[in-house]
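Asker: Take a look at the following structure, please.
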Amino acid sequence: MSTPIKVVAVSGSLQRPSRTLSVVEALLDELAEQAPIDTRLIELGNIGPRLAGALYPSQLPDDIKADIAAIESADFLVVASPVYRASFTGLFKHLFDFVDQHALIDVPVLLAATGGSDRHALVIEHQLRPLFSFFQAHTLPIGVYANEAEIRDYKVDSPSLRARIELAAERARPFLRKRTTPLAEAPKFVRAAA
């Protein structure tokens, strides 16, 4: 029996129940069909009030520090946010502001987002992908966007959305593997003196 792949999922919704969380859970279910995974789900709705007031890592509660450590040491990430004013939520960004800038180098990331209509579908390309490019993460070429009509009673209801989720999980299969370079060994780049 092989060692499970450590998959950490972040749902950027501030509410529960949540359409974004529904998509994240469906993605995790499909990824589990592709490979043995050990999942950790981080819901911003649960940690938001305690995260929002922290300006420095030392101000974070221990459980949120543990969530950030889990993100930094993940073999594979699933990250999703609802669209709010044409971007991800502010607390979603605030969480990733605490992640070490070298921790996610080459880590595979499956991006997802939810919004009221398809006019927000490019949030994956224009907002989420650049954020994880900063971290030098390996964002999968395929992402999953879901509009409000595709989720009913906080369950994936659309056959089209279900098919996109299944395809994303299938395409993720080659990237579901143990991390080869632990965070402690990740290269640190030092800026040369001018």
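Identifiers in the structure tokens: chain A, B, ... in order shown; residue index from 1 per chain; ligand index from 1 in order shown.
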Hey, which bits of range 9-84 of chain A sit within 10 Å of range 127-135 of chain A, and for each residue what's the closest pair of atoms and how far apart in Å (one decimal), counting only C-alpha atoms, rows by chain and increasing number, as CSV?

Answerer:
```
residue,atom,partner,partner_atom,distance
A:Val79,CA,A:Leu128,CA,8.8
A:Ala80,CA,A:Leu128,CA,8.7
A:Ser81,CA,A:Leu128,CA,8.8
A:Val83,CA,A:Gln127,CA,9.8
```

Asker: Those same residues - all heavy atoms - I'd like them written as a compact mmCIF listing (two decimals), in the first residue's frame.

Answerer:
```
# COMPACT_ATOMS: atom_id res chain seq x y z
N VAL A 79 -7.25 25.01 -4.36
CA VAL A 79 -7.63 26.31 -3.82
C VAL A 79 -8.81 26.87 -4.59
O VAL A 79 -8.85 26.80 -5.82
CB VAL A 79 -6.45 27.32 -3.82
CG1 VAL A 79 -5.34 26.85 -2.90
CG2 VAL A 79 -5.91 27.56 -5.19
N ALA A 80 -9.78 27.40 -3.85
CA ALA A 80 -10.99 27.91 -4.49
C ALA A 80 -11.49 29.12 -3.73
O ALA A 80 -11.36 29.21 -2.51
CB ALA A 80 -12.07 26.82 -4.50
N SER A 81 -12.06 30.04 -4.48
CA SER A 81 -12.63 31.24 -3.88
C SER A 81 -13.89 31.63 -4.62
O SER A 81 -13.96 31.48 -5.85
CB SER A 81 -11.63 32.39 -3.93
OG SER A 81 -12.20 33.58 -3.40
N VAL A 83 -16.08 34.55 -6.29
CA VAL A 83 -15.70 35.82 -6.91
C VAL A 83 -16.39 36.93 -6.14
O VAL A 83 -17.60 36.92 -5.92
CB VAL A 83 -16.12 35.87 -8.39
CG1 VAL A 83 -15.76 37.22 -8.99
CG2 VAL A 83 -15.45 34.74 -9.16
```

Asker: At a cut-off of 12 Å, using only C-alpha atoms, what residues contact Arg164 in chain A? Leave out same-chain residues fewer than 3 positions from it and give the result as a PyMOL selection string.

Answerer: chain A and resi 23+26-27+30+112+142-146+150+156+158-161+167-171

Asker: Kindly save the residues from that selection, with N, CA and C atoms included, as a tab-separated table (two decimals), in the first residue's frame.

Answerer:
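Generated output (selection-v8.tsv):
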```tsv
chain	number	residue	atom	x	y	z
A	23	VAL	N	-17.91	22.75	-4.36
A	23	VAL	CA	-17.00	22.45	-5.48
A	23	VAL	C	-15.71	21.83	-4.94
A	26	ALA	N	-16.35	18.25	-3.93
A	26	ALA	CA	-16.50	17.40	-5.12
A	26	ALA	C	-15.14	17.13	-5.76
A	27	LEU	N	-14.28	18.14	-5.81
A	27	LEU	CA	-12.93	17.94	-6.35
A	27	LEU	C	-12.14	16.96	-5.49
A	30	GLU	N	-13.25	13.42	-6.19
A	30	GLU	CA	-12.75	12.92	-7.48
A	30	GLU	C	-11.25	12.66	-7.43
A	112	ALA	N	-9.84	26.70	-8.53
A	112	ALA	CA	-11.29	26.67	-8.74
A	112	ALA	C	-11.90	27.98	-8.23
A	142	ILE	N	-5.66	23.21	-16.25
A	142	ILE	CA	-7.12	23.17	-16.19
A	142	ILE	C	-7.56	23.67	-14.82
A	143	GLY	N	-8.61	24.47	-14.80
A	143	GLY	CA	-9.22	24.94	-13.56
A	143	GLY	C	-10.71	24.64	-13.63
A	144	VAL	N	-11.40	24.83	-12.52
A	144	VAL	CA	-12.84	24.56	-12.49
A	144	VAL	C	-13.56	25.82	-12.03
A	145	TYR	N	-14.41	26.34	-12.90
A	145	TYR	CA	-15.27	27.48	-12.54
A	145	TYR	C	-16.71	26.98	-12.52
A	146	ALA	N	-17.46	27.39	-11.52
A	146	ALA	CA	-18.87	27.02	-11.41
A	146	ALA	C	-19.72	28.26	-11.20
A	150	GLU	N	-25.31	26.15	-11.43
A	150	GLU	CA	-24.81	24.77	-11.51
A	150	GLU	C	-24.78	24.06	-10.16
A	156	VAL	N	-23.34	19.92	-6.14
A	156	VAL	CA	-23.07	20.03	-7.58
A	156	VAL	C	-24.24	19.38	-8.30
A	158	SER	N	-25.17	20.25	-11.80
A	158	SER	CA	-25.06	20.29	-13.25
A	158	SER	C	-24.19	19.16	-13.78
A	159	PRO	N	-24.70	18.40	-14.76
A	159	PRO	CA	-23.86	17.37	-15.39
A	159	PRO	C	-22.61	17.97	-16.04
A	160	SER	N	-22.72	19.18	-16.57
A	160	SER	CA	-21.58	19.84	-17.18
A	160	SER	C	-20.51	20.16	-16.13
A	161	LEU	N	-20.91	20.68	-14.98
A	161	LEU	CA	-19.96	20.96	-13.91
A	161	LEU	C	-19.36	19.66	-13.39
A	167	LEU	N	-12.95	15.75	-15.16
A	167	LEU	CA	-11.83	15.97	-16.08
A	167	LEU	C	-10.64	16.60	-15.35
A	168	ALA	N	-10.90	17.57	-14.49
A	168	ALA	CA	-9.82	18.20	-13.73
A	168	ALA	C	-9.09	17.17	-12.86
A	169	ALA	N	-9.84	16.29	-12.23
A	169	ALA	CA	-9.22	15.26	-11.39
A	169	ALA	C	-8.40	14.28	-12.22
A	170	GLU	N	-8.92	13.90	-13.38
A	170	GLU	CA	-8.17	13.00	-14.27
A	170	GLU	C	-6.87	13.66	-14.72
A	171	ARG	N	-6.95	14.93	-15.09
A	171	ARG	CA	-5.75	15.65	-15.53
A	171	ARG	C	-4.76	15.88	-14.39
```

Asker: Counting only C-alpha atoms, what is within 8 Å of Arg19 in chain A, bar same-chain residues fewer than 4 positions away, as a list in words?

Answerer: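 Once the adjacent positions are removed, what remains is Val23, Thr114, Glu148, Ile151, Tyr154 and Lys155 of chain A.
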
Asker: Of the candidates A:Leu104, A:Leu91, A:Leu77, A:Ala113, which one gets nearest to Ile5 in chain A if we count only C-alpha atoms?

Answerer: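 The closest residue to Ile5 in chain A is A:Leu77.
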
Asker: When you draw a straight line from CA of Asp63 in chain A to CA of Ile47 in chain A, how long is it in Å?

Answerer: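 Atom-to-atom, CA of Asp63 in chain A to CA of Ile47 in chain A, that is 8.9 Å.
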
Asker: Measuring between only C-alpha atoms, which one of A:Ile165, A:His94, A:Ala86, A:Ala52 shows the shortest distance to Leu122 in chain A?

Answerer: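 Nearest candidate to Leu122 in chain A out of A:Ile165, A:His94, A:Ala86, A:Ala52: A:Ala86.
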
Asker: For Arg179 in chain A, which residue out of A:Gly53, A:Pro61, A:Gly115, A:Pro108 is the nearest one, using only C-alpha atoms?

Answerer: A:Pro108

Asker: For Lys178 in chain A, which of A:Asp75, A:Asp157, A:Ser58, A:Ala70 is the closest residue, counting only C-alpha atoms?

Answerer: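 Closest candidate: A:Asp75.
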
Asker: Here is a test: counting only C-alpha atoms, which residue of A:Pro4, A:Pro82, A:Gly12, A:Gly116 is nearest to Phe96 in chain A?

Answerer: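 For Phe96 in chain A, the nearest of the given residues is A:Gly12.
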
Asker: Could you give me the residues within range 94-147 of chain A that DSSP places in alpha helix (DSSP H), as a PyMOL selection string?

Answerer: chain A and resi 94-97+123+129-134

Asker: Just to be explicit: take each residue in the selection above, keep N, CA, C and O atoms, and write the result as a PDB file, in the first residue's frame.

Answerer:
```pdb
ATOM      1  N   HIS A  94      -5.348  37.305   2.326  1.00  0.00           N
ATOM      2  CA  HIS A  94      -4.698  37.536   3.615  1.00  0.00           C
ATOM      3  C   HIS A  94      -4.081  36.240   4.145  1.00  0.00           C
ATOM      4  O   HIS A  94      -2.965  36.245   4.681  1.00  0.00           O
ATOM      5  N   LEU A  95      -4.776  35.120   3.994  1.00  0.00           N
ATOM      6  CA  LEU A  95      -4.234  33.835   4.418  1.00  0.00           C
ATOM      7  C   LEU A  95      -2.925  33.545   3.680  1.00  0.00           C
ATOM      8  O   LEU A  95      -1.917  33.183   4.287  1.00  0.00           O
ATOM      9  N   PHE A  96      -2.930  33.726   2.359  1.00  0.00           N
ATOM     10  CA  PHE A  96      -1.740  33.418   1.574  1.00  0.00           C
ATOM     11  C   PHE A  96      -0.628  34.457   1.767  1.00  0.00           C
ATOM     12  O   PHE A  96       0.526  34.173   1.462  1.00  0.00           O
ATOM     13  N   ASP A  97      -0.955  35.617   2.332  1.00  0.00           N
ATOM     14  CA  ASP A  97       0.092  36.580   2.685  1.00  0.00           C
ATOM     15  C   ASP A  97       1.005  36.028   3.784  1.00  0.00           C
ATOM     16  O   ASP A  97       2.147  36.459   3.911  1.00  0.00           O
ATOM     17  N   VAL A 123     -11.744  34.685 -13.725  1.00  0.00           N
ATOM     18  CA  VAL A 123     -11.079  34.988 -12.459  1.00  0.00           C
ATOM     19  C   VAL A 123      -9.935  34.001 -12.198  1.00  0.00           C
ATOM     20  O   VAL A 123      -8.914  34.363 -11.617  1.00  0.00           O
ATOM     21  N   ARG A 129      -4.369  32.494 -10.904  1.00  0.00           N
ATOM     22  CA  ARG A 129      -3.121  31.988 -11.500  1.00  0.00           C
ATOM     23  C   ARG A 129      -1.935  32.929 -11.239  1.00  0.00           C
ATOM     24  O   ARG A 129      -0.854  32.472 -10.866  1.00  0.00           O
ATOM     25  N   PRO A 130      -2.085  34.251 -11.378  1.00  0.00           N
ATOM     26  CA  PRO A 130      -0.953  35.132 -11.061  1.00  0.00           C
ATOM     27  C   PRO A 130      -0.505  35.049  -9.593  1.00  0.00           C
ATOM     28  O   PRO A 130       0.685  35.127  -9.308  1.00  0.00           O
ATOM     29  N   LEU A 131      -1.456  34.874  -8.674  1.00  0.00           N
ATOM     30  CA  LEU A 131      -1.077  34.758  -7.265  1.00  0.00           C
ATOM     31  C   LEU A 131      -0.160  33.557  -7.059  1.00  0.00           C
ATOM     32  O   LEU A 131       0.892  33.661  -6.418  1.00  0.00           O
ATOM     33  N   PHE A 132      -0.523  32.418  -7.629  1.00  0.00           N
ATOM     34  CA  PHE A 132       0.284  31.212  -7.419  1.00  0.00           C
ATOM     35  C   PHE A 132       1.519  31.181  -8.314  1.00  0.00           C
ATOM     36  O   PHE A 132       2.482  30.477  -8.004  1.00  0.00           O
ATOM     37  N   SER A 133       1.524  31.980  -9.351  1.00  0.00           N
ATOM     38  CA  SER A 133       2.761  32.156 -10.124  1.00  0.00           C
ATOM     39  C   SER A 133       3.793  32.891  -9.287  1.00  0.00           C
ATOM     40  O   SER A 133       4.985  32.601  -9.372  1.00  0.00           O
ATOM     41  N   PHE A 134       3.350  33.837  -8.472  1.00  0.00           N
ATOM     42  CA  PHE A 134       4.271  34.519  -7.565  1.00  0.00           C
ATOM     43  C   PHE A 134       4.987  33.511  -6.674  1.00  0.00           C
ATOM     44  O   PHE A 134       6.188  33.622  -6.415  1.00  0.00           O
TER      45      PHE A 134
END
```

Asker: Hey, which of A:Ala9, A:Ile64, A:Ile105, A:Leu51 ends up closest to Ile37 in chain A? Count only C-alpha atoms.

Answerer: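 Checking each of A:Ala9, A:Ile64, A:Ile105, A:Leu51 against Ile37 in chain A, counting only C-alpha atoms, the winner is A:Ala9.
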
Asker: For the strand (DSSP E or B) assignment from backbone DSSP, which residues of range 50-186 of chain A qualify? Please present them as JSON, numbers by chain.

Answerer: {"A": [76, 77, 78, 79, 80, 81, 82, 84, 87, 108, 109, 110, 111, 112, 113, 114, 115, 138, 139, 144, 145, 146, 147, 151, 152, 155, 156]}

Asker: Let's have the selection written as a tab-separated table (two decimals), in the first residue's frame, with N, CA and C atoms.

Answerer:
```
chain	number	residue	atom	x	y	z
A	76	PHE	N	0.10	18.60	-2.72
A	76	PHE	CA	-0.83	19.05	-3.76
A	76	PHE	C	-1.83	19.98	-3.10
A	77	LEU	N	-2.17	21.08	-3.77
A	77	LEU	CA	-3.14	22.04	-3.24
A	77	LEU	C	-4.37	22.13	-4.13
A	78	VAL	N	-5.53	22.26	-3.51
A	78	VAL	CA	-6.76	22.63	-4.19
A	78	VAL	C	-7.16	23.96	-3.56
A	79	VAL	N	-7.25	25.01	-4.36
A	79	VAL	CA	-7.63	26.31	-3.82
A	79	VAL	C	-8.81	26.87	-4.59
A	80	ALA	N	-9.78	27.40	-3.85
A	80	ALA	CA	-10.99	27.91	-4.49
A	80	ALA	C	-11.49	29.12	-3.73
A	81	SER	N	-12.06	30.04	-4.48
A	81	SER	CA	-12.63	31.24	-3.88
A	81	SER	C	-13.89	31.63	-4.62
A	82	PRO	N	-14.86	32.16	-3.91
A	82	PRO	CA	-15.96	32.81	-4.62
A	82	PRO	C	-15.43	34.10	-5.23
A	84	TYR	N	-15.59	37.88	-5.70
A	84	TYR	CA	-16.12	39.04	-5.00
A	84	TYR	C	-15.49	40.26	-5.63
A	87	SER	N	-12.66	39.46	-8.11
A	87	SER	CA	-11.43	38.83	-7.63
A	87	SER	C	-11.76	37.82	-6.54
A	108	PRO	N	2.05	21.35	-7.15
A	108	PRO	CA	0.90	21.40	-8.05
A	108	PRO	C	-0.32	22.02	-7.35
A	109	VAL	N	-1.00	22.90	-8.07
A	109	VAL	CA	-2.18	23.59	-7.53
A	109	VAL	C	-3.32	23.49	-8.53
A	110	LEU	N	-4.44	22.97	-8.07
A	110	LEU	CA	-5.67	22.93	-8.87
A	110	LEU	C	-6.52	24.12	-8.44
A	111	LEU	N	-6.80	25.02	-9.36
A	111	LEU	CA	-7.53	26.25	-9.08
A	111	LEU	C	-9.02	26.09	-9.37
A	112	ALA	N	-9.84	26.70	-8.53
A	112	ALA	CA	-11.29	26.67	-8.74
A	112	ALA	C	-11.90	27.98	-8.23
A	113	ALA	N	-13.06	28.30	-8.77
A	113	ALA	CA	-13.76	29.51	-8.34
A	113	ALA	C	-15.25	29.34	-8.60
A	114	THR	N	-16.04	30.11	-7.88
A	114	THR	CA	-17.49	30.13	-8.09
A	114	THR	C	-17.93	31.58	-8.23
A	115	GLY	N	-18.98	31.78	-8.99
A	115	GLY	CA	-19.51	33.12	-9.17
A	115	GLY	C	-20.96	33.09	-9.59
A	138	HIS	N	3.17	25.22	-9.35
A	138	HIS	CA	2.82	24.66	-10.67
A	138	HIS	C	1.30	24.61	-10.77
A	139	THR	N	0.69	25.67	-11.30
A	139	THR	CA	-0.76	25.66	-11.45
A	139	THR	C	-1.14	24.75	-12.62
A	144	VAL	N	-11.40	24.83	-12.52
A	144	VAL	CA	-12.84	24.56	-12.49
A	144	VAL	C	-13.56	25.82	-12.03
A	145	TYR	N	-14.41	26.34	-12.90
A	145	TYR	CA	-15.27	27.48	-12.54
A	145	TYR	C	-16.71	26.98	-12.52
A	146	ALA	N	-17.46	27.39	-11.52
A	146	ALA	CA	-18.87	27.02	-11.41
A	146	ALA	C	-19.72	28.26	-11.20
A	147	ASN	N	-20.80	28.35	-11.95
A	147	ASN	CA	-21.71	29.47	-11.72
A	147	ASN	C	-22.84	29.04	-10.79
A	151	ILE	N	-25.11	24.79	-9.10
A	151	ILE	CA	-25.09	24.22	-7.76
A	151	ILE	C	-26.46	24.49	-7.13
A	152	ARG	N	-27.12	23.40	-6.75
A	152	ARG	CA	-28.46	23.53	-6.17
A	152	ARG	C	-28.44	22.94	-4.76
A	155	LYS	N	-25.14	21.54	-3.54
A	155	LYS	CA	-24.64	20.30	-4.12
A	155	LYS	C	-24.39	20.55	-5.60
A	156	VAL	N	-23.34	19.92	-6.14
A	156	VAL	CA	-23.07	20.03	-7.58
A	156	VAL	C	-24.24	19.38	-8.30
```
